[in-house]
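As stored in input.csv (CSV, N, CA and C atoms and all ligand atoms):
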```csv
chain,number,residue,atom,x,y,z
A,1,MET,N,-85.2,-32.1,-0.7
A,1,MET,CA,-84.3,-33.0,0.0
A,1,MET,C,-83.8,-34.1,-0.9
A,2,LEU,N,-84.4,-34.3,-2.1
A,2,LEU,CA,-84.0,-35.3,-3.0
A,2,LEU,C,-82.6,-35.0,-3.5
A,3,ARG,N,-81.8,-36.1,-3.7
A,3,ARG,CA,-80.5,-35.9,-4.3
A,3,ARG,C,-80.3,-37.1,-5.2
A,4,ALA,N,-79.6,-36.8,-6.3
A,4,ALA,CA,-79.2,-37.8,-7.3
A,4,ALA,C,-78.1,-38.7,-6.7
A,5,ILE,N,-78.0,-39.9,-7.1
A,5,ILE,CA,-76.9,-40.8,-6.5
A,5,ILE,C,-75.6,-40.5,-7.1
A,6,GLU,N,-75.6,-39.8,-8.3
A,6,GLU,CA,-74.4,-39.4,-9.0
A,6,GLU,C,-74.5,-37.9,-9.4
A,7,PRO,N,-73.4,-37.3,-9.6
A,7,PRO,CA,-73.5,-35.9,-10.1
A,7,PRO,C,-74.3,-35.8,-11.4
A,8,THR,N,-75.1,-34.8,-11.5
A,8,THR,CA,-75.9,-34.6,-12.7
A,8,THR,C,-75.6,-33.3,-13.5
A,9,THR,N,-74.4,-32.8,-13.2
A,9,THR,CA,-74.0,-31.5,-13.9
A,9,THR,C,-74.1,-31.7,-15.4
A,10,LEU,N,-74.4,-30.7,-16.1
A,10,LEU,CA,-74.7,-30.8,-17.5
A,10,LEU,C,-73.3,-30.8,-18.2
A,11,PRO,N,-73.3,-31.5,-19.4
A,11,PRO,CA,-72.1,-31.4,-20.2
A,11,PRO,C,-71.9,-30.0,-20.7
A,12,PRO,N,-70.6,-29.6,-21.0
A,12,PRO,CA,-70.4,-28.3,-21.6
A,12,PRO,C,-71.2,-28.0,-22.8
A,13,GLY,N,-71.6,-26.8,-23.0
A,13,GLY,CA,-72.3,-26.4,-24.3
A,13,GLY,C,-72.8,-25.0,-24.1
A,14,PRO,N,-73.2,-24.4,-25.2
A,14,PRO,CA,-73.7,-23.1,-25.1
A,14,PRO,C,-74.9,-23.0,-24.2
A,15,ARG,N,-75.1,-21.9,-23.5
A,15,ARG,CA,-76.2,-21.9,-22.5
A,15,ARG,C,-77.3,-20.9,-23.0
A,16,ARG,N,-78.5,-21.4,-22.7
A,16,ARG,CA,-79.7,-20.5,-23.0
A,16,ARG,C,-80.6,-20.5,-21.8
A,17,ASP,N,-80.9,-19.3,-21.3
A,17,ASP,CA,-81.8,-19.2,-20.1
A,17,ASP,C,-83.1,-18.5,-20.5
A,18,LEU,N,-84.1,-19.2,-20.1
A,18,LEU,CA,-85.5,-18.7,-20.3
A,18,LEU,C,-86.2,-18.5,-19.0
A,19,ARG,N,-87.1,-17.5,-19.0
A,19,ARG,CA,-87.9,-17.3,-17.8
A,19,ARG,C,-89.4,-17.5,-18.2
A,20,VAL,N,-90.1,-18.3,-17.4
A,20,VAL,CA,-91.5,-18.6,-17.7
A,20,VAL,C,-92.3,-18.2,-16.5
A,21,GLU,N,-93.2,-17.2,-16.7
A,21,GLU,CA,-94.1,-16.8,-15.6
A,21,GLU,C,-95.4,-17.6,-15.7
A,22,LEU,N,-95.7,-18.2,-14.6
A,22,LEU,CA,-97.0,-19.0,-14.5
A,22,LEU,C,-98.0,-18.1,-13.9
A,23,ASP,N,-99.1,-17.8,-14.6
A,23,ASP,CA,-100.0,-16.9,-14.1
A,23,ASP,C,-101.4,-17.3,-14.6
A,24,GLY,N,-102.4,-16.5,-14.1
A,24,GLY,CA,-103.8,-16.9,-14.5
A,24,GLY,C,-104.6,-15.6,-14.5
A,25,ASP,N,-105.7,-15.8,-15.2
A,25,ASP,CA,-106.7,-14.7,-15.3
A,25,ASP,C,-108.0,-15.3,-14.9
A,26,MET,N,-108.4,-15.0,-13.7
A,26,MET,CA,-109.6,-15.7,-13.1
A,26,MET,C,-110.9,-15.1,-13.7
A,27,GLN,N,-110.8,-13.9,-14.2
A,27,GLN,CA,-112.0,-13.3,-14.8
A,27,GLN,C,-112.4,-14.1,-16.0
A,28,ASN,N,-111.4,-14.5,-16.8
A,28,ASN,CA,-111.7,-15.2,-18.1
A,28,ASN,C,-111.4,-16.7,-17.9
A,29,TYR,N,-111.1,-17.1,-16.7
A,29,TYR,CA,-110.6,-18.5,-16.4
A,29,TYR,C,-109.6,-19.0,-17.5
A,30,ILE,N,-108.5,-18.4,-17.6
A,30,ILE,CA,-107.4,-18.9,-18.4
A,30,ILE,C,-106.1,-19.0,-17.5
A,31,TRP,N,-105.3,-20.0,-17.8
A,31,TRP,CA,-104.0,-20.1,-17.1
A,31,TRP,C,-102.9,-19.9,-18.1
A,32,THR,N,-101.9,-19.1,-17.8
A,32,THR,CA,-100.9,-18.7,-18.8
A,32,THR,C,-99.5,-19.0,-18.5
A,33,MET,N,-98.7,-19.0,-19.5
A,33,MET,CA,-97.2,-19.1,-19.4
A,33,MET,C,-96.7,-17.9,-20.1
A,34,ASN,N,-96.1,-17.0,-19.5
A,34,ASN,CA,-95.6,-15.7,-20.0
A,34,ASN,C,-96.8,-15.0,-20.7
A,35,GLY,N,-97.9,-15.0,-20.1
A,35,GLY,CA,-99.1,-14.2,-20.6
A,35,GLY,C,-99.9,-14.8,-21.7
A,36,GLN,N,-99.5,-16.0,-22.2
A,36,GLN,CA,-100.2,-16.6,-23.3
A,36,GLN,C,-100.8,-17.9,-22.9
A,37,ALA,N,-102.0,-18.2,-23.4
A,37,ALA,CA,-102.7,-19.4,-23.1
A,37,ALA,C,-102.7,-20.3,-24.3
A,38,TYR,N,-102.2,-21.5,-24.1
A,38,TYR,CA,-102.1,-22.5,-25.2
A,38,TYR,C,-103.6,-22.8,-25.6
A,39,PRO,N,-103.9,-23.0,-26.9
A,39,PRO,CA,-103.0,-23.0,-28.0
A,39,PRO,C,-102.6,-21.7,-28.6
A,40,ASN,N,-103.1,-20.6,-28.1
A,40,ASN,CA,-102.7,-19.3,-28.6
A,40,ASN,C,-101.4,-18.8,-28.0
A,41,ALA,N,-100.4,-19.6,-28.2
A,41,ALA,CA,-99.1,-19.4,-27.6
A,41,ALA,C,-98.0,-19.7,-28.5
A,42,GLU,N,-96.9,-18.9,-28.4
A,42,GLU,CA,-95.7,-19.2,-29.2
A,42,GLU,C,-94.9,-20.3,-28.6
A,43,PRO,N,-94.3,-21.1,-29.4
A,43,PRO,CA,-93.4,-22.1,-28.8
A,43,PRO,C,-92.2,-21.5,-28.2
A,44,LEU,N,-91.6,-22.2,-27.2
A,44,LEU,CA,-90.3,-21.8,-26.7
A,44,LEU,C,-89.3,-22.5,-27.5
A,45,VAL,N,-88.3,-21.7,-27.9
A,45,VAL,CA,-87.3,-22.2,-28.9
A,45,VAL,C,-86.0,-22.5,-28.2
A,46,ILE,N,-85.4,-23.7,-28.4
A,46,ILE,CA,-84.1,-24.0,-27.9
A,46,ILE,C,-83.2,-24.6,-29.0
A,47,GLY,N,-82.0,-24.8,-28.8
A,47,GLY,CA,-81.1,-25.3,-29.8
A,47,GLY,C,-80.4,-26.6,-29.4
A,48,ALA,N,-80.2,-27.5,-30.3
A,48,ALA,CA,-79.6,-28.8,-30.0
A,48,ALA,C,-78.2,-28.6,-29.4
A,49,GLY,N,-78.0,-29.3,-28.3
A,49,GLY,CA,-76.7,-29.3,-27.7
A,49,GLY,C,-76.5,-28.2,-26.6
A,50,GLU,N,-77.6,-27.4,-26.5
A,50,GLU,CA,-77.5,-26.3,-25.5
A,50,GLU,C,-77.8,-26.8,-24.1
A,51,GLN,N,-77.2,-26.1,-23.1
A,51,GLN,CA,-77.7,-26.2,-21.8
A,51,GLN,C,-78.8,-25.2,-21.6
A,52,VAL,N,-80.0,-25.7,-21.3
A,52,VAL,CA,-81.2,-24.9,-21.2
A,52,VAL,C,-81.6,-24.7,-19.8
A,53,GLY,N,-81.6,-23.5,-19.3
A,53,GLY,CA,-82.1,-23.1,-18.0
A,53,GLY,C,-83.5,-22.5,-18.1
A,54,ILE,N,-84.4,-23.0,-17.3
A,54,ILE,CA,-85.7,-22.3,-17.3
A,54,ILE,C,-86.1,-21.9,-15.8
A,55,GLN,N,-86.3,-20.7,-15.7
A,55,GLN,CA,-86.7,-20.2,-14.4
A,55,GLN,C,-88.2,-20.1,-14.4
A,56,LEU,N,-88.8,-20.9,-13.5
A,56,LEU,CA,-90.3,-21.0,-13.4
A,56,LEU,C,-90.7,-20.1,-12.2
A,57,VAL,N,-91.4,-19.1,-12.6
A,57,VAL,CA,-91.9,-18.0,-11.6
A,57,VAL,C,-93.4,-18.2,-11.5
A,58,ASN,N,-93.8,-18.7,-10.3
A,58,ASN,CA,-95.2,-18.8,-10.1
A,58,ASN,C,-95.8,-17.6,-9.4
A,59,LYS,N,-96.6,-16.9,-10.2
A,59,LYS,CA,-97.2,-15.6,-9.7
A,59,LYS,C,-98.6,-15.9,-9.1
A,60,THR,N,-99.0,-17.1,-9.0
A,60,THR,CA,-100.4,-17.4,-8.5
A,60,THR,C,-100.4,-18.0,-7.1
A,61,MET,N,-101.6,-18.2,-6.6
A,61,MET,CA,-101.7,-18.8,-5.3
A,61,MET,C,-102.0,-20.3,-5.4
A,62,MET,N,-101.7,-20.9,-6.5
A,62,MET,CA,-101.9,-22.3,-6.7
A,62,MET,C,-100.6,-23.0,-7.0
A,63,TRP,N,-100.5,-24.3,-6.7
A,63,TRP,CA,-99.4,-25.1,-7.1
A,63,TRP,C,-99.5,-25.4,-8.6
A,64,HIS,N,-98.4,-25.5,-9.2
A,64,HIS,CA,-98.4,-25.9,-10.6
A,64,HIS,C,-97.3,-27.0,-10.8
A,65,PRO,N,-97.7,-28.2,-11.0
A,65,PRO,CA,-96.8,-29.3,-11.3
A,65,PRO,C,-96.4,-29.3,-12.7
A,66,MET,N,-95.3,-28.7,-13.0
A,66,MET,CA,-94.9,-28.5,-14.4
A,66,MET,C,-94.2,-29.8,-15.0
A,67,HIS,N,-94.6,-30.2,-16.1
A,67,HIS,CA,-94.1,-31.5,-16.7
A,67,HIS,C,-93.6,-31.2,-18.1
A,68,LEU,N,-92.3,-31.7,-18.2
A,68,LEU,CA,-91.7,-31.5,-19.6
A,68,LEU,C,-91.6,-32.9,-20.2
A,69,HIS,N,-92.0,-33.0,-21.4
A,69,HIS,CA,-91.8,-34.2,-22.2
A,69,HIS,C,-90.4,-34.3,-22.9
A,70,GLY,N,-89.9,-35.5,-23.0
A,70,GLY,CA,-88.7,-35.7,-23.8
A,70,GLY,C,-87.4,-35.5,-23.2
A,71,HIS,N,-87.4,-35.0,-21.9
A,71,HIS,CA,-86.1,-34.7,-21.2
A,71,HIS,C,-86.3,-34.9,-19.7
A,72,PHE,N,-85.2,-35.2,-19.1
A,72,PHE,CA,-85.2,-35.1,-17.6
A,72,PHE,C,-84.4,-33.8,-17.3
A,73,PHE,N,-84.9,-33.1,-16.4
A,73,PHE,CA,-84.2,-31.8,-16.0
A,73,PHE,C,-83.7,-31.9,-14.6
A,74,ARG,N,-82.6,-31.1,-14.4
A,74,ARG,CA,-82.1,-30.9,-13.0
A,74,ARG,C,-83.0,-29.9,-12.3
A,75,THR,N,-83.4,-30.2,-11.1
A,75,THR,CA,-84.2,-29.3,-10.3
A,75,THR,C,-83.2,-28.6,-9.3
A,76,LEU,N,-83.0,-27.3,-9.5
A,76,LEU,CA,-82.0,-26.6,-8.7
A,76,LEU,C,-82.5,-26.1,-7.4
A,77,VAL,N,-82.6,-27.0,-6.4
A,77,VAL,CA,-83.2,-26.6,-5.1
A,77,VAL,C,-82.2,-26.9,-4.0
A,78,GLY,N,-80.9,-26.7,-4.3
A,78,GLY,CA,-79.9,-26.9,-3.3
A,78,GLY,C,-79.1,-28.2,-3.3
A,79,GLY,N,-79.3,-29.0,-4.3
A,79,GLY,CA,-78.6,-30.2,-4.4
A,79,GLY,C,-77.2,-30.2,-5.0
A,80,GLY,N,-76.8,-29.0,-5.4
A,80,GLY,CA,-75.5,-28.8,-5.9
A,80,GLY,C,-75.3,-29.7,-7.1
A,81,GLU,N,-74.1,-30.4,-7.1
A,81,GLU,CA,-73.9,-31.2,-8.3
A,81,GLU,C,-74.7,-32.5,-8.4
A,82,ARG,N,-75.4,-32.8,-7.2
A,82,ARG,CA,-76.3,-33.9,-7.2
A,82,ARG,C,-77.8,-33.5,-7.3
A,83,ALA,N,-78.0,-32.4,-8.0
A,83,ALA,CA,-79.4,-32.0,-8.1
A,83,ALA,C,-80.2,-33.1,-8.8
A,84,PRO,N,-81.4,-33.4,-8.3
A,84,PRO,CA,-82.2,-34.5,-8.8
A,84,PRO,C,-82.7,-34.3,-10.2
A,85,LEU,N,-82.7,-35.4,-11.0
A,85,LEU,CA,-83.3,-35.3,-12.3
A,85,LEU,C,-84.8,-35.7,-12.2
A,86,MET,N,-85.6,-34.8,-12.8
A,86,MET,CA,-87.0,-35.0,-12.7
A,86,MET,C,-87.7,-34.7,-14.1
A,87,HIS,N,-88.9,-35.2,-14.2
A,87,HIS,CA,-89.7,-34.7,-15.4
A,87,HIS,C,-90.9,-33.9,-15.0
A,88,THR,N,-91.1,-33.8,-13.7
A,88,THR,CA,-92.2,-32.9,-13.2
A,88,THR,C,-91.7,-32.2,-12.0
A,89,VAL,N,-92.0,-31.0,-11.8
A,89,VAL,CA,-91.6,-30.3,-10.6
A,89,VAL,C,-92.8,-29.4,-10.2
A,90,SER,N,-93.2,-29.5,-8.9
A,90,SER,CA,-94.3,-28.7,-8.4
A,90,SER,C,-93.8,-27.4,-8.0
A,91,VAL,N,-94.3,-26.3,-8.6
A,91,VAL,CA,-93.8,-25.0,-8.2
A,91,VAL,C,-94.8,-24.4,-7.2
A,92,PRO,N,-94.4,-24.2,-6.0
A,92,PRO,CA,-95.3,-23.7,-5.0
A,92,PRO,C,-95.8,-22.3,-5.3
A,93,PRO,N,-97.0,-22.0,-4.7
A,93,PRO,CA,-97.5,-20.6,-4.8
A,93,PRO,C,-96.5,-19.5,-4.6
A,94,ARG,N,-96.4,-18.5,-5.4
A,94,ARG,CA,-95.6,-17.4,-5.2
A,94,ARG,C,-94.1,-17.7,-5.1
A,95,GLN,N,-93.7,-18.8,-5.6
A,95,GLN,CA,-92.3,-19.2,-5.5
A,95,GLN,C,-91.7,-19.4,-6.9
A,96,THR,N,-90.4,-19.4,-6.9
A,96,THR,CA,-89.6,-19.6,-8.1
A,96,THR,C,-88.7,-20.8,-8.0
A,97,ILE,N,-88.7,-21.6,-9.1
A,97,ILE,CA,-87.8,-22.8,-9.1
A,97,ILE,C,-87.1,-22.8,-10.4
A,98,ASP,N,-85.8,-23.0,-10.3
A,98,ASP,CA,-85.0,-23.1,-11.6
A,98,ASP,C,-84.7,-24.6,-11.9
A,99,ILE,N,-84.9,-24.8,-13.2
A,99,ILE,CA,-84.5,-26.2,-13.7
A,99,ILE,C,-83.6,-26.0,-14.9
A,100,GLU,N,-82.8,-27.0,-15.2
A,100,GLU,CA,-82.0,-27.0,-16.4
A,100,GLU,C,-81.8,-28.4,-17.0
A,101,PHE,N,-81.6,-28.4,-18.3
A,101,PHE,CA,-81.4,-29.7,-18.9
A,101,PHE,C,-80.6,-29.5,-20.2
A,102,THR,N,-80.1,-30.6,-20.7
A,102,THR,CA,-79.4,-30.6,-21.9
A,102,THR,C,-80.4,-30.8,-23.1
A,103,ALA,N,-80.3,-30.0,-24.1
A,103,ALA,CA,-81.2,-30.1,-25.2
A,103,ALA,C,-80.6,-31.2,-26.2
A,104,ASP,N,-80.9,-32.5,-25.8
A,104,ASP,CA,-80.3,-33.6,-26.5
A,104,ASP,C,-81.3,-34.5,-27.2
A,105,ASN,N,-82.5,-34.0,-27.4
A,105,ASN,CA,-83.6,-34.9,-27.9
A,105,ASN,C,-84.5,-34.1,-28.9
A,106,PRO,N,-83.9,-33.7,-30.1
A,106,PRO,CA,-84.6,-32.8,-31.0
A,106,PRO,C,-86.0,-33.3,-31.3
A,107,GLY,N,-86.9,-32.3,-31.4
A,107,GLY,CA,-88.3,-32.6,-31.7
A,107,GLY,C,-89.1,-31.5,-31.2
A,108,SER,N,-90.4,-31.8,-31.0
A,108,SER,CA,-91.3,-30.8,-30.5
A,108,SER,C,-92.0,-31.4,-29.3
A,109,TRP,N,-91.8,-30.8,-28.2
A,109,TRP,CA,-92.2,-31.4,-26.9
A,109,TRP,C,-93.1,-30.5,-26.1
A,110,PHE,N,-94.0,-31.1,-25.5
A,110,PHE,CA,-95.0,-30.4,-24.7
A,110,PHE,C,-94.5,-30.2,-23.3
A,111,PHE,N,-94.7,-29.0,-22.8
A,111,PHE,CA,-94.3,-28.5,-21.5
A,111,PHE,C,-95.5,-27.9,-20.9
A,112,HIS,N,-96.0,-28.5,-19.8
A,112,HIS,CA,-97.4,-28.1,-19.3
A,112,HIS,C,-97.6,-28.4,-17.8
A,113,CYS,N,-98.5,-27.7,-17.3
A,113,CYS,CA,-99.0,-28.0,-15.9
A,113,CYS,C,-99.8,-29.3,-16.0
A,114,HIS,N,-99.5,-30.1,-14.9
A,114,HIS,CA,-100.2,-31.4,-14.9
A,114,HIS,C,-101.5,-31.4,-14.1
A,115,ASN,N,-101.9,-30.2,-13.7
A,115,ASN,CA,-103.3,-30.1,-13.2
A,115,ASN,C,-104.1,-30.0,-14.5
A,116,ALA,N,-104.9,-31.0,-14.7
A,116,ALA,CA,-105.7,-31.1,-16.0
A,116,ALA,C,-106.5,-29.9,-16.2
A,117,TYR,N,-107.1,-29.3,-15.2
A,117,TYR,CA,-107.9,-28.1,-15.4
A,117,TYR,C,-107.1,-26.9,-15.7
A,118,HIS,N,-105.8,-26.9,-15.3
A,118,HIS,CA,-105.0,-25.7,-15.7
A,118,HIS,C,-104.5,-26.0,-17.2
A,119,LEU,N,-104.1,-27.2,-17.5
A,119,LEU,CA,-103.7,-27.5,-18.8
A,119,LEU,C,-104.8,-27.2,-19.8
A,120,GLU,N,-106.0,-27.6,-19.5
A,120,GLU,CA,-107.1,-27.4,-20.4
A,120,GLU,C,-107.4,-25.9,-20.6
A,121,ALA,N,-107.0,-25.1,-19.6
A,121,ALA,CA,-107.3,-23.7,-19.7
A,121,ALA,C,-106.1,-22.9,-20.1
A,122,GLY,N,-105.1,-23.6,-20.7
A,122,GLY,CA,-104.0,-22.8,-21.3
A,122,GLY,C,-102.6,-23.0,-20.8
A,123,MET,N,-102.4,-23.6,-19.6
A,123,MET,CA,-101.1,-23.6,-19.1
A,123,MET,C,-100.2,-24.7,-19.7
A,124,ALA,N,-99.8,-24.4,-20.9
A,124,ALA,CA,-99.0,-25.3,-21.7
A,124,ALA,C,-98.2,-24.5,-22.8
A,125,ARG,N,-97.1,-25.1,-23.2
A,125,ARG,CA,-96.3,-24.6,-24.3
A,125,ARG,C,-95.7,-25.8,-25.0
A,126,GLU,N,-95.4,-25.5,-26.3
A,126,GLU,CA,-94.5,-26.4,-27.0
A,126,GLU,C,-93.1,-25.9,-26.8
A,127,ILE,N,-92.2,-26.8,-26.7
A,127,ILE,CA,-90.7,-26.5,-26.7
A,127,ILE,C,-90.2,-27.1,-28.0
A,128,ILE,N,-89.7,-26.3,-28.9
A,128,ILE,CA,-89.2,-26.8,-30.2
A,128,ILE,C,-87.7,-26.5,-30.3
A,129,TYR,N,-87.1,-27.3,-31.1
A,129,TYR,CA,-85.7,-27.1,-31.5
A,129,TYR,C,-85.6,-26.2,-32.7
A,130,GLN,N,-84.8,-25.2,-32.7
A,130,GLN,CA,-84.6,-24.4,-33.9
A,130,GLN,C,-83.8,-25.2,-34.9
A,131,VAL,N,-84.1,-24.9,-36.2
A,131,VAL,CA,-83.5,-25.7,-37.3
A,131,VAL,C,-82.5,-24.8,-38.0
B,1,CU,CU,-101.2,-25.4,-12.8
```
What's the structure tokens form of this structure?
Amino acid sequence: MLRAIEPTTLPPGPRRDLRVELDGDMQNYIWTMNGQAYPNAEPLVIGAGEQVGIQLVNKTMMWHPMHLHGHFFRTLVGGGERAPLMHTVSVPPRQTIDIEFTADNPGSWFFHCHNAYHLEAGMAREIIYQV
């Protein structure tokens, strides 16, 4: 139900869409993003000036409050042009949430579940800007 007070539509730019599956392996107690558990995980690569969409697909029965450093993202849950800007979004069990942001802060940024015990067990990635 959150709405931004002003439109938050992204400025024009090339678009990159990523899909991130949030999953876990309870046998080994690891939590994964696209099957990899940090730090044994490849960074997600984006480009400066891009509009970056990330589809967060929660395959588990747990909530995952996903937190991105360095950027505010639009959370696409029906707000239209006034989609709220957030730095953390809780992805409910077995649901999918789309977020998008402008890649306007070059660097290497952590993107992770804010449940400390998920983060500690792998649910994290670096997002880096390609050079
Ligand atoms: Cu989590």
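Interatomic distance, atom N of Glu81 of chain A against atom N of Pro11 of chain A: 12.4 Å.
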Taking all atoms listed in the file into account, report as a PyMOL selection string which residues have an atom no farther than 8 Å from an atom of ligand CU 1 (chain B). chain A and resi 22+31+62-66+112-119+123
Go ahead and compute the interatomic distance for atom N of Ile128 of chain A and atom C of Gln27 of chain A, in Å to one decimal. 28.8 Å
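Note that the spacing between atom N of Ile99 of chain A and atom N of Thr75 of chain A amounts to 6.0 Å.
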Just the residues within 9 Å of segment 37-52 of chain A, please, counting only C-alpha atoms, with nothing from its chain fewer than 5 positions along; format it as a ChimeraX atom specification. /A:10-18,30-32,99-106,119-131
As an MDAnalysis selection string, list the residues of segment 28-108 of chain A assigned to strand (DSSP E or B) by DSSP on the backbone atoms of this structure. chainID A and resid 30:33 36 44:46 51:58 64:68 73:76 85:86 88:91 96:102 108
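Using all atoms listed in the file, the set of residues no farther than 7 Å from the position (-82.8, -34.4, -8.7) comprises Leu2, Arg3, Ala4, Phe73, Arg74, Thr75, Arg82, Ala83, Pro84, Leu85 and Met86 of chain A.
For segment 10-128 of chain A, a DSSP pass over the backbone yields helix (DSSP H, G or I) at Gly80, Glu81, Arg82, Ala116, Tyr117, His118 and Leu119 of chain A.
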